[in-house]
file model_8.txt (compact mmCIF, C-alpha atoms)
# COMPACT_ATOMS: atom_id res chain seq x y z
CA MET A 6 -19.17 -9.90 60.75
CA ILE A 7 -17.02 -9.33 57.64
CA GLU A 8 -15.51 -12.80 57.94
CA ARG A 9 -18.97 -14.31 58.25
CA GLU A 10 -20.10 -12.46 55.12
CA ASP A 11 -16.97 -13.61 53.27
CA GLU A 12 -17.63 -17.16 54.33
CA GLU A 13 -21.21 -16.83 53.09
CA LEU A 14 -19.93 -15.61 49.71
CA ARG A 15 -17.45 -18.48 49.59
CA GLN A 16 -20.28 -20.95 50.24
CA GLN A 17 -22.38 -19.46 47.46
CA PHE A 18 -19.48 -19.64 44.99
CA ALA A 19 -18.81 -23.24 46.06
CA THR A 20 -22.43 -24.11 45.28
CA LEU A 21 -22.09 -22.42 41.89
CA ARG A 22 -18.90 -24.41 41.21
CA ARG A 23 -20.59 -27.70 42.12
CA GLU A 24 -23.58 -26.98 39.88
CA GLU A 25 -21.44 -25.90 36.94
CA SER A 26 -18.94 -28.75 37.17
CA ALA A 27 -21.84 -31.21 37.08
CA GLY A 28 -22.72 -29.93 33.61
CA ALA A 29 -19.17 -29.77 32.25
CA SER A 30 -18.32 -31.96 29.28
CA ALA A 31 -15.58 -34.55 29.75
CA PHE A 32 -11.98 -33.55 29.05
CA ARG A 33 -11.52 -36.19 26.32
CA ASP A 34 -14.68 -35.04 24.51
CA THR A 35 -13.50 -31.43 24.57
CA LEU A 36 -10.05 -32.46 23.34
CA VAL A 37 -11.49 -34.54 20.50
CA ALA A 38 -13.76 -31.64 19.50
CA ALA A 39 -10.79 -29.27 19.63
CA ARG A 40 -8.73 -31.53 17.35
CA ALA A 41 -11.66 -31.95 14.97
CA ARG A 42 -11.84 -28.21 14.49
CA THR A 43 -10.53 -27.48 11.06
CA ARG A 44 -8.56 -24.35 10.41
CA LEU A 45 -11.58 -23.11 8.49
CA SER A 46 -14.61 -23.14 10.75
CA PRO A 47 -18.05 -23.45 9.08
CA ARG A 48 -18.62 -19.77 9.69
CA ARG A 49 -15.33 -18.77 8.07
CA ARG A 50 -16.00 -21.14 5.17
CA LEU A 51 -19.39 -19.50 4.66
CA GLY A 52 -17.80 -16.06 4.71
CA LEU A 53 -15.20 -17.04 2.11
CA ALA A 54 -17.85 -18.63 -0.13
CA ALA A 55 -20.00 -15.49 0.06
CA ALA A 56 -17.01 -13.27 -0.71
CA ALA A 57 -16.06 -15.45 -3.71
CA LEU A 58 -19.65 -15.37 -4.97
CA ALA A 59 -19.76 -11.58 -4.65
CA LEU A 60 -16.49 -11.30 -6.58
CA VAL A 61 -17.70 -13.57 -9.41
CA THR A 62 -20.98 -11.63 -9.64
CA LEU A 63 -19.11 -8.34 -9.87
CA VAL A 64 -16.82 -9.66 -12.63
CA VAL A 65 -19.82 -11.02 -14.59
CA ILE A 66 -21.73 -7.74 -14.28
CA LEU A 67 -18.73 -5.72 -15.46
CA THR A 68 -17.94 -8.05 -18.37
CA VAL A 69 -21.52 -8.39 -19.65
CA GLY A 70 -22.18 -4.69 -19.22
CA LYS A 71 -19.11 -3.81 -21.27
CA ARG A 72 -20.04 -6.20 -24.08
CA HIS A 73 -23.57 -4.80 -24.48
CA ARG A 74 -22.56 -1.21 -24.32
CA SER A 75 -22.48 0.36 -27.90
CA ALA A 76 -20.20 3.29 -28.46
CA ILE A 77 -22.29 6.42 -29.01
CA ASP A 78 -20.41 9.49 -30.14
CA LEU A 79 -22.64 12.35 -29.11
CA ALA A 80 -20.49 14.83 -31.03
CA GLY A 81 -21.61 13.31 -34.32
CA VAL A 82 -25.29 13.21 -33.54
CA ARG A 83 -27.60 15.70 -35.18
CA VAL A 84 -31.16 15.87 -34.10
CA HIS A 85 -33.63 17.18 -36.61
CA ALA A 86 -36.78 18.62 -35.14
CA PRO A 87 -39.85 19.44 -37.32
CA THR A 88 -39.55 23.11 -36.31
CA ASP A 89 -35.91 23.44 -37.33
CA PHE A 90 -36.87 25.60 -40.32
CA LEU A 91 -37.98 28.37 -37.92
CA LEU A 92 -34.43 28.77 -36.77
CA GLN A 93 -32.97 29.05 -40.26
CA LEU A 94 -31.73 32.52 -41.17
CA PRO A 95 -31.72 33.95 -44.65
CA GLY A 96 -28.21 33.66 -46.10
CA ALA A 97 -27.12 31.20 -43.41
CA GLU A 98 -25.01 29.33 -45.97
CA LEU A 99 -22.81 32.44 -46.18
CA LEU A 100 -21.65 31.65 -42.65
CA ARG A 101 -20.75 28.06 -43.50
CA THR A 102 -19.03 28.51 -46.87
CA VAL A 103 -15.91 30.31 -47.90
CA PRO A 104 -16.65 32.57 -50.88
CA ARG A 105 -14.28 32.33 -53.85
CA LEU A 106 -13.18 35.34 -55.78
CA GLY A 107 -14.86 35.77 -59.18
CA ARG A 108 -17.60 33.30 -58.44
CA VAL A 109 -21.11 33.93 -57.11
CA SER A 110 -21.92 31.29 -54.61
CA PHE A 111 -25.48 32.36 -53.83
CA ASP A 112 -28.41 33.99 -55.47
CA ARG A 113 -28.38 37.75 -54.79
CA ARG A 114 -32.04 37.89 -55.50
CA SER A 115 -32.83 35.94 -52.42
CA LEU A 116 -31.47 38.70 -50.19
CA MET B 18 8.97 -41.22 29.70
CA SER B 19 6.08 -39.12 28.33
CA SER B 20 6.44 -36.65 25.47
CA PRO B 21 5.95 -32.92 26.13
CA ALA B 22 2.59 -33.08 24.32
CA GLU B 23 1.41 -35.90 26.59
CA ALA B 24 2.61 -34.02 29.66
CA LEU B 25 0.63 -30.99 28.50
CA GLU B 26 -2.46 -33.12 28.03
CA VAL B 27 -2.12 -34.46 31.57
CA GLU B 28 -1.86 -30.91 32.91
CA LEU B 29 -4.86 -29.80 30.86
CA GLU B 30 -6.92 -32.74 32.09
CA ARG B 31 -6.06 -31.82 35.66
CA VAL B 32 -7.30 -28.23 35.27
CA HIS B 33 -10.23 -29.07 32.96
CA PRO B 34 -13.16 -28.79 35.44
CA ALA B 35 -11.86 -25.51 36.84
CA ALA B 36 -11.03 -24.23 33.35
CA PHE B 37 -14.56 -24.97 32.18
CA GLY B 38 -15.96 -22.92 35.06
CA TRP B 39 -13.57 -20.09 34.25
CA ALA B 40 -14.45 -20.21 30.54
CA LEU B 41 -18.12 -20.06 31.50
CA ALA B 42 -17.42 -16.99 33.64
CA CYS B 43 -15.45 -15.35 30.80
CA CYS B 44 -18.33 -16.00 28.37
CA GLY B 45 -21.07 -14.61 30.61
CA GLY B 46 -22.60 -18.03 31.30
CA ASP B 47 -23.00 -18.93 27.61
CA ARG B 48 -22.20 -22.65 27.59
CA ALA B 49 -21.68 -22.99 23.82
CA ALA B 50 -19.29 -20.03 23.81
CA ALA B 51 -17.47 -21.45 26.84
CA GLU B 52 -16.93 -24.80 25.15
CA ASP B 53 -15.78 -23.05 21.97
CA THR B 54 -13.35 -20.95 24.00
CA LEU B 55 -12.01 -23.96 25.86
CA GLN B 56 -11.47 -25.93 22.64
CA ALA B 57 -9.67 -22.98 21.04
CA SER B 58 -7.52 -22.62 24.17
CA TYR B 59 -6.59 -26.33 24.14
CA LEU B 60 -5.64 -26.02 20.48
CA LYS B 61 -3.46 -23.01 21.22
CA VAL B 62 -1.61 -24.91 23.93
CA LEU B 63 -1.22 -28.14 21.95
CA ASP B 64 -0.21 -26.33 18.72
CA GLY B 65 2.40 -24.37 20.64
CA ARG B 66 0.79 -21.00 19.89
CA ALA B 67 0.59 -20.50 23.66
CA ARG B 68 3.70 -21.62 25.50
CA PHE B 69 3.97 -22.24 29.22
CA ASP B 70 7.18 -20.59 30.43
CA GLY B 71 6.93 -21.74 34.04
CA ARG B 72 6.87 -18.24 35.53
CA ALA B 73 3.45 -18.86 37.11
CA SER B 74 1.61 -22.05 37.98
CA PHE B 75 0.18 -23.96 35.02
CA ARG B 76 -3.37 -23.24 36.18
CA THR B 77 -2.78 -19.49 36.47
CA TRP B 78 -1.10 -19.38 33.06
CA PHE B 79 -3.81 -21.46 31.39
CA PHE B 80 -6.57 -19.32 32.89
CA ALA B 81 -4.90 -16.28 31.31
CA VAL B 82 -4.90 -18.11 27.95
CA VAL B 83 -8.63 -18.88 28.37
CA ARG B 84 -9.36 -15.26 29.29
CA ARG B 85 -7.51 -13.94 26.21
CA THR B 86 -9.16 -16.50 23.93
CA ALA B 87 -12.63 -15.58 25.25
CA ALA B 88 -11.91 -11.90 24.56
CA GLU B 89 -10.78 -12.76 21.00
CA GLN B 90 -13.96 -14.79 20.41
CA ARG B 91 -16.08 -11.94 21.76
CA ARG B 92 -14.45 -9.46 19.37
CA ARG B 93 -14.78 -11.86 16.44
CA ASN B 94 -18.45 -12.51 17.21
CA ALA B 95 -19.17 -8.78 17.49
CA LEU B 96 -17.56 -8.19 14.08
CA TRP B 97 -19.42 -11.15 12.59
CA ARG B 98 -22.74 -9.75 13.79
CA LEU B 99 -22.02 -6.53 11.87
CA TRP B 100 -21.67 -8.47 8.62
CA PRO B 101 -24.80 -8.46 6.42
CA LEU B 102 -24.81 -12.26 6.00
CA SER B 103 -24.35 -13.00 9.71
CA TRP B 104 -27.86 -14.44 9.95
CA LEU B 105 -26.64 -17.39 7.85
CA GLY B 106 -24.34 -18.61 10.59
CA THR B 107 -24.77 -19.02 14.31
CA THR B 108 -22.74 -17.07 16.81
CA ALA B 109 -22.57 -17.13 20.54
CA ASP B 110 -24.47 -14.13 21.83
CA GLY B 111 -22.70 -14.03 25.21
CA ARG B 112 -25.92 -14.52 27.15
CA PRO B 113 -26.44 -17.23 29.74
CA ASP B 114 -27.74 -20.54 28.47
CA PRO B 115 -31.46 -20.71 29.46
CA ALA B 116 -31.32 -24.46 30.12
CA ALA B 117 -28.28 -24.04 32.37
CA SER B 118 -29.98 -21.18 34.23
CA LEU B 119 -32.91 -23.46 35.03
CA ALA B 120 -30.58 -26.06 36.47
CA HIS B 121 -29.19 -23.56 39.00
CA SER B 122 -30.53 -23.29 42.50
CA GLU B 123 -32.24 -20.12 43.67
CA THR B 124 -29.14 -19.04 45.64
CA THR B 125 -26.91 -19.49 42.60
CA ARG B 126 -29.31 -17.63 40.36
CA ARG B 127 -29.27 -14.68 42.76
CA LEU B 128 -25.47 -14.77 42.93
CA LEU B 129 -25.16 -14.84 39.13
CA ALA B 130 -27.63 -11.98 38.76
CA ALA B 131 -25.70 -9.91 41.30
CA LEU B 132 -22.38 -10.75 39.61
CA ALA B 133 -23.76 -9.79 36.20
CA GLY B 134 -24.32 -6.26 37.43
CA LEU B 135 -20.65 -5.75 38.36
CA PRO B 136 -17.98 -4.30 36.05
CA ARG B 137 -16.10 -7.02 34.15
CA ARG B 138 -12.79 -6.62 36.02
CA GLN B 139 -14.41 -6.80 39.44
CA ARG B 140 -16.40 -9.84 38.40
CA GLU B 141 -13.28 -11.56 37.08
CA VAL B 142 -11.25 -10.96 40.24
CA LEU B 143 -14.08 -12.14 42.50
CA TYR B 144 -14.58 -15.25 40.38
CA LEU B 145 -10.91 -16.10 40.49
CA VAL B 146 -10.63 -15.59 44.24
CA PHE B 147 -13.91 -17.07 45.47
CA TYR B 148 -14.74 -19.61 42.76
CA GLN B 149 -11.26 -20.75 41.77
CA ASP B 150 -9.63 -20.24 45.19
CA LEU B 151 -6.75 -18.26 43.71
CA SER B 152 -4.89 -15.62 45.72
CA ILE B 153 -5.35 -11.96 44.72
CA GLY B 154 -1.80 -12.05 43.30
CA GLU B 155 -2.64 -15.02 41.09
CA ALA B 156 -5.90 -13.37 40.05
CA ALA B 157 -3.89 -10.30 39.04
CA GLU B 158 -1.64 -12.48 36.85
CA VAL B 159 -4.62 -14.11 35.14
CA ALA B 160 -6.37 -10.78 34.52
CA GLY B 161 -3.11 -9.14 33.38
CA ILE B 162 -3.27 -6.32 35.93
CA SER B 163 -1.08 -5.18 38.81
CA LEU B 164 -1.52 -6.55 42.32
CA GLY B 165 -2.70 -3.17 43.63
CA THR B 166 -5.32 -2.86 40.92
CA ALA B 167 -6.51 -6.41 41.54
CA ARG B 168 -6.80 -5.68 45.26
CA THR B 169 -8.90 -2.56 44.53
CA HIS B 170 -11.17 -4.52 42.17
CA TYR B 171 -11.48 -7.25 44.80
CA GLU B 172 -12.47 -4.89 47.63
CA ARG B 173 -14.85 -2.79 45.53
CA GLY B 174 -16.33 -5.83 43.82
CA LYS B 175 -16.87 -7.66 47.09
CA ALA B 176 -18.58 -4.64 48.67
CA ALA B 177 -20.80 -4.13 45.61
CA LEU B 178 -21.67 -7.82 45.45
CA LYS B 179 -22.63 -7.97 49.13
CA LYS B 180 -24.71 -4.82 48.74
CA ARG B 181 -26.53 -6.28 45.76
CA LEU B 182 -27.14 -9.61 47.48
CA HIS B 183 -28.34 -8.01 50.73
CA GLY B 184 -30.30 -5.33 48.92
CA GLU B 185 -32.15 -8.02 47.03
CA ARG B 186 -32.89 -9.94 50.21
CA GLU B 187 -34.48 -6.90 51.91
call {"tool": "encode", "arguments": {"input": "model_8.txt", "output": "structure tokens"}}
result
Amino acid sequence: MIEREDEELRQQFATLRREESAGASAFRDTLVAARARTRLSPRRRLGLAAAALALVTLVVILTVGKRHRSAIDLAGVRVHAPTDFLLQLPGAELLRTVPRLGRVSFDRRSL
Amino acid sequence: MSSPAEALEVELERVHPAAFGWALACCGGDRAAAEDTLQASYLKVLDGRARFDGRASFRTWFFAVVRRTAAEQRRRNALWRLWPLSWLGTTADGRPDPAASLAHSETTRRLLAALAGLPRRQREVLYLVFYQDLSIGEAAEVAGISLGTARTHYERGKAALKKRLHGERE
């Protein structure tokens, strides 16, 4: 029984082999195609081209971005709002100036 | 007196029909992938990247080269498909060629469908033994496994294949 089943399997595989070998390309054709294969296949060439393009784009973006960027020193920027006067304190200049001895630097009457 | 390269070509020509069948089996019936694998394997042998050391028969050794090359192509194709620009190129998808499937007889189609449901190792060992008429020992060498393991894959695979074939018939 087992031998018969094995033989049946063998027959089926033999049929498969016959059908597949009928569609096989000739050895010489395969060899010629193998030799014609360059070290860089079209797919690999495409990959390298895309990588190179990505690199060039990145360099261009970085270079152009740097050139157009103006240096802004935020420490030196003073913003004047129309309501600034509300925040001014009487005698505020006293806090910003160093008084000198023997000299009146502000008007006492304003106090 | 022929050069070593010519001698290799003669050997390759001798195993070509069987090697094509084996490449087809390694590539899941995908004809384009099988031809690609076979070409890459021939290049490896002729370039000297794969060297025959005479420990096994030429056919057994070359089948192992084809098997390894097919695995490399599979990995490469899987990686390529992960790449965002993969749609620009064509890759073998590892599925049977529809035109080739149509050319098969009903019996063969059933056999291939049953084989496709088996684990890869079992399928490989059965292919090598029944399709290529190799011994289990030679099949073990091609698959790179021990004789005991190959025997287990053979027995389990054969039982599973018969079950699938008979189950389908009922």
call {"tool": "atom_distance", "arguments": {"input": "model_8.txt", "atom1": "CA of Arg40 in chain A", "atom2": "CA of Val27 in chain B"}}
result
16.0 Å
call {"tool": "interface_residues", "arguments": {"input": "model_8.txt", "of": "chain B", "to": "chain A", "cutoff": "10 Å", "atoms": "only C-alpha atoms", "output": "number ranges by chain"}}
result
B: 26, 29-39, 41, 46, 48, 52-61, 63, 97, 100, 102-103, 105-108, 117, 120-122, 124-129, 143-144, 146-150, 175, 178-179, 182
call {"tool": "atom_distance", "arguments": {"input": "model_8.txt", "atom1": "CA of Cys43 in chain B", "atom2": "CA of Asp70 in chain B"}}
result
23.2 Å
call {"tool": "atom_distance", "arguments": {"input": "model_8.txt", "atom1": "CA of Arg140 in chain B", "atom2": "CA of Cys44 in chain B"}}
result
11.9 Å
call {"tool": "axis_aligned_box", "arguments": {"input": "model_8.txt", "around": "range 67-83 of chain B", "padding_each_side": "5 Å", "output": "JSON"}}
result
{"center_x": -0.7, "center_y": -20.1, "center_z": 30.8, "size_x": 25.8, "size_y": 17.7, "size_z": 24.3}
